[in-house]
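Shown next: start26.cif, given as mmCIF, C-alpha atoms and all ligand atoms.
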```
data_final
#
loop_
_atom_site.label_atom_id
_atom_site.label_comp_id
_atom_site.auth_asym_id
_atom_site.auth_seq_id
_atom_site.Cartn_x
_atom_site.Cartn_y
_atom_site.Cartn_z
CA MET C 1491 -18.77 -33.01 2.56
CA ILE C 1492 -16.72 -32.27 5.68
CA LYS C 1493 -14.93 -35.33 6.98
CA LYS C 1494 -14.46 -35.14 10.72
CA ASN C 1495 -11.95 -38.00 10.78
CA SER C 1496 -9.82 -36.69 7.90
CA PRO C 1497 -6.18 -35.73 8.62
CA ILE C 1498 -6.98 -32.39 6.93
CA PRO C 1499 -8.07 -29.85 9.55
CA ILE C 1500 -11.78 -29.11 9.47
CA TYR C 1501 -11.34 -25.37 9.00
CA TYR C 1502 -9.17 -26.08 5.99
CA GLN C 1503 -11.74 -28.41 4.47
CA LEU C 1504 -14.21 -25.56 4.71
CA VAL C 1505 -11.68 -23.19 3.08
CA GLU C 1506 -11.35 -25.59 0.16
CA LEU C 1507 -15.09 -26.05 -0.10
CA ILE C 1508 -15.66 -22.31 -0.36
CA GLN C 1509 -12.79 -21.91 -2.82
CA GLU C 1510 -14.30 -24.61 -4.99
CA GLU C 1511 -17.65 -22.84 -4.99
CA ILE C 1512 -15.91 -19.61 -6.10
CA GLU C 1513 -13.93 -21.38 -8.81
CA ASN C 1514 -16.90 -23.20 -10.30
CA GLY C 1515 -18.95 -20.02 -10.29
CA ASN C 1516 -21.60 -21.08 -7.75
CA LEU C 1517 -20.38 -18.18 -5.65
CA LYS C 1518 -19.86 -15.03 -7.70
CA PRO C 1519 -18.11 -11.74 -6.84
CA GLY C 1520 -20.40 -9.71 -4.59
CA ASP C 1521 -22.42 -12.74 -3.42
CA ALA C 1522 -23.06 -12.96 0.30
CA LEU C 1523 -21.87 -16.05 2.15
CA PRO C 1524 -24.01 -17.86 4.70
CA SER C 1525 -23.51 -16.57 8.23
CA GLU C 1526 -21.14 -18.23 10.70
CA ARG C 1527 -24.13 -19.71 12.45
CA GLU C 1528 -25.55 -21.14 9.22
CA PHE C 1529 -22.22 -22.70 8.29
CA SER C 1530 -21.81 -24.16 11.75
CA GLU C 1531 -25.30 -25.69 11.72
CA LYS C 1532 -25.02 -27.01 8.19
CA PHE C 1533 -21.71 -28.79 8.74
CA GLN C 1534 -22.08 -29.45 12.46
CA ILE C 1535 -18.83 -27.67 13.25
CA SER C 1536 -18.04 -24.96 15.75
CA ARG C 1537 -18.41 -21.28 14.93
CA MET C 1538 -14.77 -20.82 15.86
CA THR C 1539 -13.78 -23.25 13.10
CA VAL C 1540 -15.99 -21.39 10.61
CA ARG C 1541 -14.45 -18.10 11.69
CA GLN C 1542 -10.96 -19.51 11.21
CA ALA C 1543 -11.80 -20.53 7.63
CA LEU C 1544 -13.42 -17.21 6.77
CA THR C 1545 -10.52 -15.25 8.25
CA LEU C 1546 -8.03 -17.16 6.14
CA LEU C 1547 -10.04 -16.46 2.99
CA GLU C 1548 -10.39 -12.83 3.99
CA ASN C 1549 -6.64 -12.52 4.51
CA ASN C 1550 -6.15 -14.11 1.06
CA GLY C 1551 -8.32 -11.38 -0.40
CA GLN C 1552 -10.90 -13.91 -1.63
CA LEU C 1553 -13.60 -12.69 0.76
CA TYR C 1554 -14.34 -9.36 2.40
CA ARG C 1555 -16.44 -8.48 5.39
CA ILE C 1556 -18.76 -5.52 5.85
CA GLN C 1557 -19.47 -4.86 9.49
CA GLY C 1558 -23.07 -5.61 10.33
CA LYS C 1559 -23.81 -6.93 6.84
CA GLY C 1560 -21.84 -10.12 6.42
CA THR C 1561 -19.13 -11.72 4.34
CA PHE C 1562 -18.95 -11.41 0.57
CA VAL C 1563 -17.00 -12.83 -2.35
CA SER C 1564 -14.28 -10.53 -3.72
CA GLU C 1565 -13.62 -9.86 -7.39
CA GLN C 1566 -11.21 -12.43 -8.79
CA LYS C 1567 -7.68 -11.17 -9.26
CA ILE C 1568 -6.21 -10.79 -12.70
CA GLU C 1569 -3.29 -13.14 -13.03
CA GLN C 1570 -0.38 -11.65 -14.86
CA HIS C 1571 2.55 -13.73 -16.08
CA LEU C 1572 5.81 -11.99 -15.59
CA LEU C 1573 7.79 -13.34 -18.48
CA GLY C 1574 6.13 -11.69 -21.47
CA LEU C 1575 6.80 -8.04 -22.26
CA THR C 1576 3.23 -7.06 -22.95
CA SER C 1577 1.19 -3.87 -22.98
CA PHE C 1578 -1.80 -3.15 -20.81
CA THR C 1579 -4.00 -3.25 -23.91
CA GLU C 1580 -2.71 -6.72 -24.82
CA ASP C 1581 -3.01 -7.97 -21.23
CA MET C 1582 -6.67 -7.03 -20.93
CA THR C 1583 -7.67 -8.05 -24.44
CA ALA C 1584 -6.15 -11.50 -23.87
CA ARG C 1585 -8.49 -11.92 -20.91
CA GLY C 1586 -11.57 -10.85 -22.80
CA LEU C 1587 -11.71 -7.56 -20.90
CA LYS C 1588 -12.17 -4.19 -22.58
CA PRO C 1589 -9.09 -1.99 -22.05
CA SER C 1590 -9.47 1.75 -21.85
CA SER C 1591 -7.60 4.75 -20.50
CA HIS C 1592 -8.54 7.91 -18.76
CA LEU C 1593 -5.94 10.53 -19.60
CA LEU C 1594 -5.01 12.67 -16.62
CA HIS C 1595 -2.03 14.54 -17.98
CA PHE C 1596 -0.16 14.82 -21.28
CA GLU C 1597 2.59 17.34 -21.76
CA ILE C 1598 5.99 17.77 -23.36
CA ILE C 1599 8.46 18.85 -20.70
CA PRO C 1600 12.25 19.29 -20.56
CA ALA C 1601 13.85 16.13 -19.18
CA GLY C 1602 15.22 16.30 -15.65
CA LEU C 1603 18.65 14.82 -15.08
CA GLN C 1604 17.42 11.45 -13.81
CA VAL C 1605 14.92 10.91 -16.61
CA ALA C 1606 17.51 12.10 -19.18
CA ASN C 1607 20.13 9.68 -17.86
CA GLN C 1608 17.76 6.74 -17.92
CA LEU C 1609 16.45 7.54 -21.39
CA GLN C 1610 20.01 8.27 -22.54
CA ILE C 1611 19.12 11.73 -23.81
CA LYS C 1612 20.39 15.17 -22.80
CA GLU C 1613 19.08 17.05 -19.82
CA TYR C 1614 16.27 19.40 -20.99
CA ASP C 1615 15.64 17.39 -24.16
CA PRO C 1616 11.87 17.17 -24.73
CA VAL C 1617 10.04 14.23 -23.15
CA TYR C 1618 6.38 13.36 -23.02
CA GLU C 1619 5.03 13.09 -19.52
CA ILE C 1620 1.89 10.97 -19.66
CA LYS C 1621 -0.38 10.05 -16.78
CA ARG C 1622 -3.22 7.59 -17.41
CA ILE C 1623 -5.70 5.63 -15.38
CA ARG C 1624 -5.86 2.20 -17.02
CA LEU C 1625 -9.23 0.48 -16.88
CA ALA C 1626 -10.51 -3.02 -17.62
CA ASP C 1627 -14.23 -3.22 -18.38
CA ASP C 1628 -14.40 0.33 -16.99
CA VAL C 1629 -12.91 -0.65 -13.62
CA PRO C 1630 -9.69 1.24 -12.71
CA MET C 1631 -6.79 -1.21 -12.41
CA ALA C 1632 -3.65 0.90 -12.52
CA LEU C 1633 -2.31 4.40 -12.56
CA GLU C 1634 0.54 4.82 -14.99
CA THR C 1635 3.10 7.57 -15.59
CA ASN C 1636 5.30 7.29 -18.70
CA TYR C 1637 8.32 9.31 -19.76
CA ILE C 1638 9.12 8.94 -23.43
CA SER C 1639 11.63 10.86 -25.53
CA ALA C 1640 9.71 13.17 -27.86
CA ASN C 1641 12.58 13.15 -30.38
CA LEU C 1642 12.45 9.36 -30.59
CA ILE C 1643 8.70 8.82 -30.59
CA LYS C 1644 7.32 11.56 -32.80
CA GLY C 1645 3.68 12.38 -33.25
CA LEU C 1646 2.12 11.00 -30.07
CA THR C 1647 -1.38 12.38 -29.71
CA GLU C 1648 -4.11 12.18 -27.12
CA GLN C 1649 -6.01 9.83 -29.38
CA ILE C 1650 -3.08 7.42 -29.58
CA ILE C 1651 -2.47 7.57 -25.86
CA ASN C 1652 -6.11 6.76 -25.21
CA GLN C 1653 -5.48 3.53 -27.08
CA SER C 1654 -2.12 1.76 -27.08
CA ILE C 1655 1.30 3.37 -27.00
CA TYR C 1656 3.01 0.05 -27.82
CA ALA C 1657 0.77 -0.49 -30.84
CA TYR C 1658 1.66 3.00 -32.11
CA MET C 1659 5.40 2.42 -31.67
CA GLU C 1660 5.31 -0.95 -33.38
CA GLU C 1661 2.61 -0.63 -36.00
CA GLN C 1662 2.94 3.03 -36.98
CA LEU C 1663 6.61 3.73 -36.32
CA GLY C 1664 7.88 0.24 -37.12
CA LEU C 1665 10.00 0.10 -33.95
CA ILE C 1666 10.89 -3.19 -32.34
CA ILE C 1667 10.34 -3.22 -28.60
CA GLU C 1668 12.63 -5.93 -27.33
CA ASN C 1669 13.15 -6.08 -23.60
CA ALA C 1670 12.57 -4.40 -20.28
CA THR C 1671 13.77 -4.33 -16.73
CA GLN C 1672 10.94 -4.29 -14.24
CA THR C 1673 10.85 -3.97 -10.48
CA ILE C 1674 7.83 -4.68 -8.29
CA GLU C 1675 7.48 -3.32 -4.77
CA SER C 1676 4.63 -3.26 -2.35
CA SER C 1677 3.27 0.10 -1.35
CA ILE C 1678 0.11 1.79 -0.14
CA ALA C 1679 -2.14 4.14 -2.06
CA GLU C 1680 -1.87 7.80 -1.23
CA GLU C 1681 -5.10 9.74 -1.05
CA LYS C 1682 -5.05 11.01 -4.63
CA GLU C 1683 -3.97 7.69 -6.09
CA ALA C 1684 -6.68 5.96 -4.08
CA ASP C 1685 -9.30 8.34 -5.50
CA PHE C 1686 -8.25 7.58 -9.06
CA LEU C 1687 -8.17 3.83 -8.43
CA LYS C 1688 -11.45 3.87 -6.48
CA ILE C 1689 -9.88 2.18 -3.46
CA LYS C 1690 -9.42 3.33 0.11
CA SER C 1691 -6.55 5.62 0.94
CA GLY C 1692 -3.84 3.43 2.48
CA ALA C 1693 -5.00 0.29 0.64
CA PRO C 1694 -2.21 -1.99 -0.62
CA VAL C 1695 -0.92 -1.43 -4.14
CA MET C 1696 2.01 -2.67 -6.17
CA LEU C 1697 4.50 -0.16 -7.44
CA ILE C 1698 5.91 -1.37 -10.74
CA GLN C 1699 8.70 0.41 -12.55
CA ARG C 1700 9.66 -0.56 -16.07
CA ASN C 1701 12.53 0.58 -18.29
CA THR C 1702 11.88 -0.62 -21.81
CA PHE C 1703 14.39 -0.90 -24.63
CA LEU C 1704 14.27 -1.22 -28.40
CA GLN C 1705 16.08 -3.94 -30.30
CA ASP C 1706 19.16 -1.72 -30.76
CA GLY C 1707 19.32 -1.05 -27.01
CA THR C 1708 17.81 2.46 -27.08
CA PRO C 1709 15.69 3.13 -23.96
CA VAL C 1710 12.18 3.84 -25.17
CA GLU C 1711 10.17 4.47 -22.00
CA LEU C 1712 10.37 4.88 -18.26
CA VAL C 1713 7.19 3.87 -16.54
CA LYS C 1714 5.95 4.02 -13.01
CA SER C 1715 2.73 2.10 -12.47
CA ILE C 1716 0.60 1.68 -9.41
CA TYR C 1717 -1.49 -1.47 -9.64
CA ARG C 1718 -4.35 -2.38 -7.33
CA ALA C 1719 -3.19 -5.23 -5.11
CA ASP C 1720 -6.77 -6.39 -4.65
CA ARG C 1721 -7.22 -7.00 -8.37
CA TYR C 1722 -3.82 -8.18 -9.51
CA LYS C 1723 -1.43 -10.99 -8.85
CA PHE C 1724 1.77 -11.95 -10.62
CA THR C 1725 2.93 -15.42 -11.47
CA ILE C 1726 6.20 -16.74 -12.75
CA GLN C 1727 7.38 -20.24 -13.65
CA MET C 1728 10.54 -21.17 -11.85
CA ARG C 1729 13.07 -23.86 -12.48
CA ARG C 1730 15.49 -25.16 -9.89
CA LYS C 1731 19.01 -25.02 -11.17
CA ASN C 1732 21.13 -28.01 -10.26
C1 LIG C 1801 1.91 -1.74 -19.46
C2 LIG C 1801 3.29 -1.42 -18.94
C3 LIG C 1801 3.77 -0.05 -19.35
C4 LIG C 1801 3.51 0.24 -20.81
C5 LIG C 1801 2.06 -0.02 -21.14
C6 LIG C 1801 1.76 0.19 -22.60
O1 LIG C 1801 0.93 -1.15 -18.68
N1 LIG C 1801 3.36 -1.54 -17.50
O2 LIG C 1801 5.14 0.03 -19.11
O3 LIG C 1801 3.83 1.59 -21.09
O4 LIG C 1801 1.74 -1.35 -20.80
O5 LIG C 1801 0.38 -0.02 -22.76
P1 LIG C 1801 -0.45 0.44 -23.99
O6 LIG C 1801 0.26 -0.05 -25.23
O7 LIG C 1801 -1.78 -0.19 -23.80
O8 LIG C 1801 -0.50 1.95 -24.00
#
```

Rewrite the coordinates I just gave you, this time as structure tokens.
Ligand code: GLP
Amino acid sequence: MIKKNSPIPIYYQLVELIQEEIENGNLKPGDALPSEREFSEKFQISRMTVRQALTLLENNGQLYRIQGKGTFVSEQKIEQHLLGLTSFTEDMTARGLKPSSHLLHFEIIPAGLQVANQLQIKEYDPVYEIKRIRLADDVPMALETNYISANLIKGLTEQIINQSIYAYMEEQLGLIIENATQTIESSIAEEKEADFLKIKSGAPVMLIQRNTFLQDGTPVELVKSIYRADRYKFTIQMRRKN
């Protein structure tokens, strides 16, 4: 299983072995891994080499250690493609996960200058301010704050917000959501955000801001989302231009 005379470093062979076990489901999230000593005896390799492999997997977020208890398999990250303009509800449903929301705040407020400018409305025009925890199979994934013009999107209710805002805009109001500009930055969870997301204060998160537009160019939402970095990763297909 581990080839001592292979050009591939031994620690890396062990990394790949463990990754394979995770991928084929022999090792499931929450499962404990054998100890360093057990690995070293089983494969006849040094504990230092085992440690090197486990550290790499820990840094990748695929394993986590609990002091005095051992090393365990992390939850798999949700892989999100960056090209499609999709809603949280669509993203989770496509993965066979049950989307839900926990509404923290829902109010119509007068738009501040910045929000008004971005939504291309007048200062003090009414906007919905919506704060939701977004969950997949009841696990908190993201914390989302939306600003939406109340004159444009009429009739938003708590019930709608607890389901899908995009579905309401498209299916009930017949609007065509066409494109968005999105930025992604790394950040760390503040205490309150960490509480809502059930992670440690100071844990890494991704701050995602989206400005979404309708087919005729009207801005339809401003969104600030905080996604758990331990549960999410983004992928994009790239093509070299030449
Ligand atoms: C994603 C986006 C948000 C968008 C939301 C709509 O989470 N980051 O910008 O507002 O989807 O989701 P839903 O239609 O499920 O309410």

(request) Considering only C-alpha atoms, state which residue in the set C:Arg1729, C:Arg1527, C:Arg1721, C:Lys1644 is at the smallest distance from Leu1663 (chain C). (result) C:Lys1644

(message) Taking 4 positions as the minimum chain separation for residues in the same chain, which residues sit within 12 Å of Gln1699 (chain C) when counting all atoms listed in the file? Answer as a ChimeraX atom specification.
(response) /C:1633-1637,1670-1676,1711-1717

Expected answer as a PDB file with C-alpha atoms, in the coordinates of the input: residues within 8 Å of ligand LIG 1801 (chain C), all atoms listed in the file:
```
ATOM      1  CA  THR C1576       3.230  -7.060 -22.950  1.00  0.00           C
ATOM      2  CA  SER C1577       1.190  -3.870 -22.980  1.00  0.00           C
ATOM      3  CA  PHE C1578      -1.800  -3.150 -20.810  1.00  0.00           C
ATOM      4  CA  THR C1579      -4.000  -3.250 -23.910  1.00  0.00           C
ATOM      5  CA  GLU C1580      -2.710  -6.720 -24.820  1.00  0.00           C
ATOM      6  CA  PRO C1589      -9.090  -1.990 -22.050  1.00  0.00           C
ATOM      7  CA  ARG C1624      -5.860   2.200 -17.020  1.00  0.00           C
ATOM      8  CA  ALA C1632      -3.650   0.900 -12.520  1.00  0.00           C
ATOM      9  CA  GLU C1634       0.540   4.820 -14.990  1.00  0.00           C
ATOM     10  CA  ASN C1636       5.300   7.290 -18.700  1.00  0.00           C
ATOM     11  CA  ILE C1651      -2.470   7.570 -25.860  1.00  0.00           C
ATOM     12  CA  ASN C1652      -6.110   6.760 -25.210  1.00  0.00           C
ATOM     13  CA  GLN C1653      -5.480   3.530 -27.080  1.00  0.00           C
ATOM     14  CA  SER C1654      -2.120   1.760 -27.080  1.00  0.00           C
ATOM     15  CA  ILE C1655       1.300   3.370 -27.000  1.00  0.00           C
ATOM     16  CA  TYR C1656       3.010   0.050 -27.820  1.00  0.00           C
ATOM     17  CA  ALA C1657       0.770  -0.490 -30.840  1.00  0.00           C
ATOM     18  CA  TYR C1658       1.660   3.000 -32.110  1.00  0.00           C
ATOM     19  CA  ILE C1698       5.910  -1.370 -10.740  1.00  0.00           C
ATOM     20  CA  GLN C1699       8.700   0.410 -12.550  1.00  0.00           C
ATOM     21  CA  ARG C1700       9.660  -0.560 -16.070  1.00  0.00           C
ATOM     22  CA  ASN C1701      12.530   0.580 -18.290  1.00  0.00           C
ATOM     23  CA  THR C1702      11.880  -0.620 -21.810  1.00  0.00           C
ATOM     24  CA  GLU C1711      10.170   4.470 -22.000  1.00  0.00           C
ATOM     25  CA  LEU C1712      10.370   4.880 -18.260  1.00  0.00           C
ATOM     26  CA  VAL C1713       7.190   3.870 -16.540  1.00  0.00           C
ATOM     27  CA  LYS C1714       5.950   4.020 -13.010  1.00  0.00           C
ATOM     28  CA  SER C1715       2.730   2.100 -12.470  1.00  0.00           C
TER      29      SER C1715
END
```

(request) Rank C:Tyr1614, C:Pro1694, C:Asp1627, C:Glu1528 by their smallest atom-to-atom distance to Gly1586 (chain C), using all atoms listed in the file, and report the top residue only. (result)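 Nearest candidate to Gly1586 (chain C) out of C:Tyr1614, C:Pro1694, C:Asp1627, C:Glu1528: C:Asp1627.
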
(request) Write out as a ChimeraX atom specification which residues come within 10 Å of Glu1548 (chain C) when counting all atoms listed in the file, dropping same-chain ones fewer than 6 positions away. (result) /C:1542,1554-1555,1561-1564

Those same residues - C-alpha atoms - I'd like them written as a PDB file, keeping the file's coordinate frame.
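result-v3.pdb, written as the output of this step:
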```
ATOM      1  CA  GLN C1542     -10.960 -19.510  11.210  1.00  0.00           C
ATOM      2  CA  TYR C1554     -14.340  -9.360   2.400  1.00  0.00           C
ATOM      3  CA  ARG C1555     -16.440  -8.480   5.390  1.00  0.00           C
ATOM      4  CA  THR C1561     -19.130 -11.720   4.340  1.00  0.00           C
ATOM      5  CA  PHE C1562     -18.950 -11.410   0.570  1.00  0.00           C
ATOM      6  CA  VAL C1563     -17.000 -12.830  -2.350  1.00  0.00           C
ATOM      7  CA  SER C1564     -14.280 -10.530  -3.720  1.00  0.00           C
TER       8      SER C1564
END
```

(message) So, with all atoms listed in the file as the atoms that count, which of C:Glu1565, C:Leu1544, C:Leu1697, C:Gln1534 lies closest to Glu1506 (chain C)?
(response)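 That would be C:Leu1544, the residue with the smallest distance to Glu1506 (chain C).
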
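Nearest residue to Gln1705 (chain C) among C:Asn1669, C:Gln1604, C:Ser1591, C:Gln1727 is C:Asn1669, counting all atoms listed in the file.
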
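Distances from C:Ile1568, C:Ala1626, C:Leu1603, C:Val1710 to Ile1638 (chain C) were compared using only C-alpha atoms, and the smallest one belongs to C:Val1710.
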
What would region 1623-1639 of chain C look like with N, CA and C atoms restored, written as a PDB file, keeping the file's coordinate frame?
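Output file part-v3.pdb follows:
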```
ATOM      1  N   ILE C1623      -5.075   6.690 -16.160  1.00  0.00           N
ATOM      2  CA  ILE C1623      -5.700   5.630 -15.380  1.00  0.00           C
ATOM      3  C   ILE C1623      -6.009   4.537 -16.393  1.00  0.00           C
ATOM      4  N   ARG C1624      -5.591   3.301 -16.097  1.00  0.00           N
ATOM      5  CA  ARG C1624      -5.860   2.200 -17.020  1.00  0.00           C
ATOM      6  C   ARG C1624      -7.040   1.392 -16.479  1.00  0.00           C
ATOM      7  N   LEU C1625      -8.016   1.158 -17.336  1.00  0.00           N
ATOM      8  CA  LEU C1625      -9.230   0.480 -16.880  1.00  0.00           C
ATOM      9  C   LEU C1625      -9.475  -0.819 -17.647  1.00  0.00           C
ATOM     10  N   ALA C1626     -10.089  -1.768 -16.980  1.00  0.00           N
ATOM     11  CA  ALA C1626     -10.510  -3.020 -17.620  1.00  0.00           C
ATOM     12  C   ALA C1626     -12.002  -3.129 -17.386  1.00  0.00           C
ATOM     13  N   ASP C1627     -12.767  -3.235 -18.477  1.00  0.00           N
ATOM     14  CA  ASP C1627     -14.230  -3.220 -18.380  1.00  0.00           C
ATOM     15  C   ASP C1627     -14.690  -2.062 -17.488  1.00  0.00           C
ATOM     16  N   ASP C1628     -14.071  -0.921 -17.691  1.00  0.00           N
ATOM     17  CA  ASP C1628     -14.400   0.330 -16.990  1.00  0.00           C
ATOM     18  C   ASP C1628     -14.064   0.352 -15.500  1.00  0.00           C
ATOM     19  N   VAL C1629     -13.338  -0.644 -15.029  1.00  0.00           N
ATOM     20  CA  VAL C1629     -12.910  -0.650 -13.620  1.00  0.00           C
ATOM     21  C   VAL C1629     -11.432  -0.213 -13.579  1.00  0.00           C
ATOM     22  N   PRO C1630     -11.086   0.800 -12.779  1.00  0.00           N
ATOM     23  CA  PRO C1630      -9.690   1.240 -12.710  1.00  0.00           C
ATOM     24  C   PRO C1630      -8.797   0.152 -12.129  1.00  0.00           C
ATOM     25  N   MET C1631      -7.714  -0.149 -12.829  1.00  0.00           N
ATOM     26  CA  MET C1631      -6.790  -1.210 -12.410  1.00  0.00           C
ATOM     27  C   MET C1631      -5.452  -0.633 -12.007  1.00  0.00           C
ATOM     28  N   ALA C1632      -4.999   0.382 -12.752  1.00  0.00           N
ATOM     29  CA  ALA C1632      -3.650   0.900 -12.520  1.00  0.00           C
ATOM     30  C   ALA C1632      -3.584   2.377 -12.881  1.00  0.00           C
ATOM     31  N   LEU C1633      -2.588   2.993 -12.304  1.00  0.00           N
ATOM     32  CA  LEU C1633      -2.310   4.400 -12.560  1.00  0.00           C
ATOM     33  C   LEU C1633      -0.901   4.403 -13.134  1.00  0.00           C
ATOM     34  N   GLU C1634      -0.742   4.984 -14.324  1.00  0.00           N
ATOM     35  CA  GLU C1634       0.540   4.820 -14.990  1.00  0.00           C
ATOM     36  C   GLU C1634       1.130   6.162 -15.424  1.00  0.00           C
ATOM     37  N   THR C1635       2.417   6.362 -15.134  1.00  0.00           N
ATOM     38  CA  THR C1635       3.100   7.570 -15.590  1.00  0.00           C
ATOM     39  C   THR C1635       4.256   7.152 -16.494  1.00  0.00           C
ATOM     40  N   ASN C1636       4.231   7.635 -17.743  1.00  0.00           N
ATOM     41  CA  ASN C1636       5.300   7.290 -18.700  1.00  0.00           C
ATOM     42  C   ASN C1636       6.128   8.523 -19.020  1.00  0.00           C
ATOM     43  N   TYR C1637       7.429   8.297 -19.179  1.00  0.00           N
ATOM     44  CA  TYR C1637       8.320   9.310 -19.760  1.00  0.00           C
ATOM     45  C   TYR C1637       8.899   8.711 -21.022  1.00  0.00           C
ATOM     46  N   ILE C1638       8.697   9.442 -22.122  1.00  0.00           N
ATOM     47  CA  ILE C1638       9.120   8.940 -23.430  1.00  0.00           C
ATOM     48  C   ILE C1638       9.800  10.079 -24.176  1.00  0.00           C
ATOM     49  N   SER C1639      10.927   9.803 -24.794  1.00  0.00           N
ATOM     50  CA  SER C1639      11.630  10.860 -25.530  1.00  0.00           C
ATOM     51  C   SER C1639      10.786  11.325 -26.714  1.00  0.00           C
TER      52      SER C1639
END
```
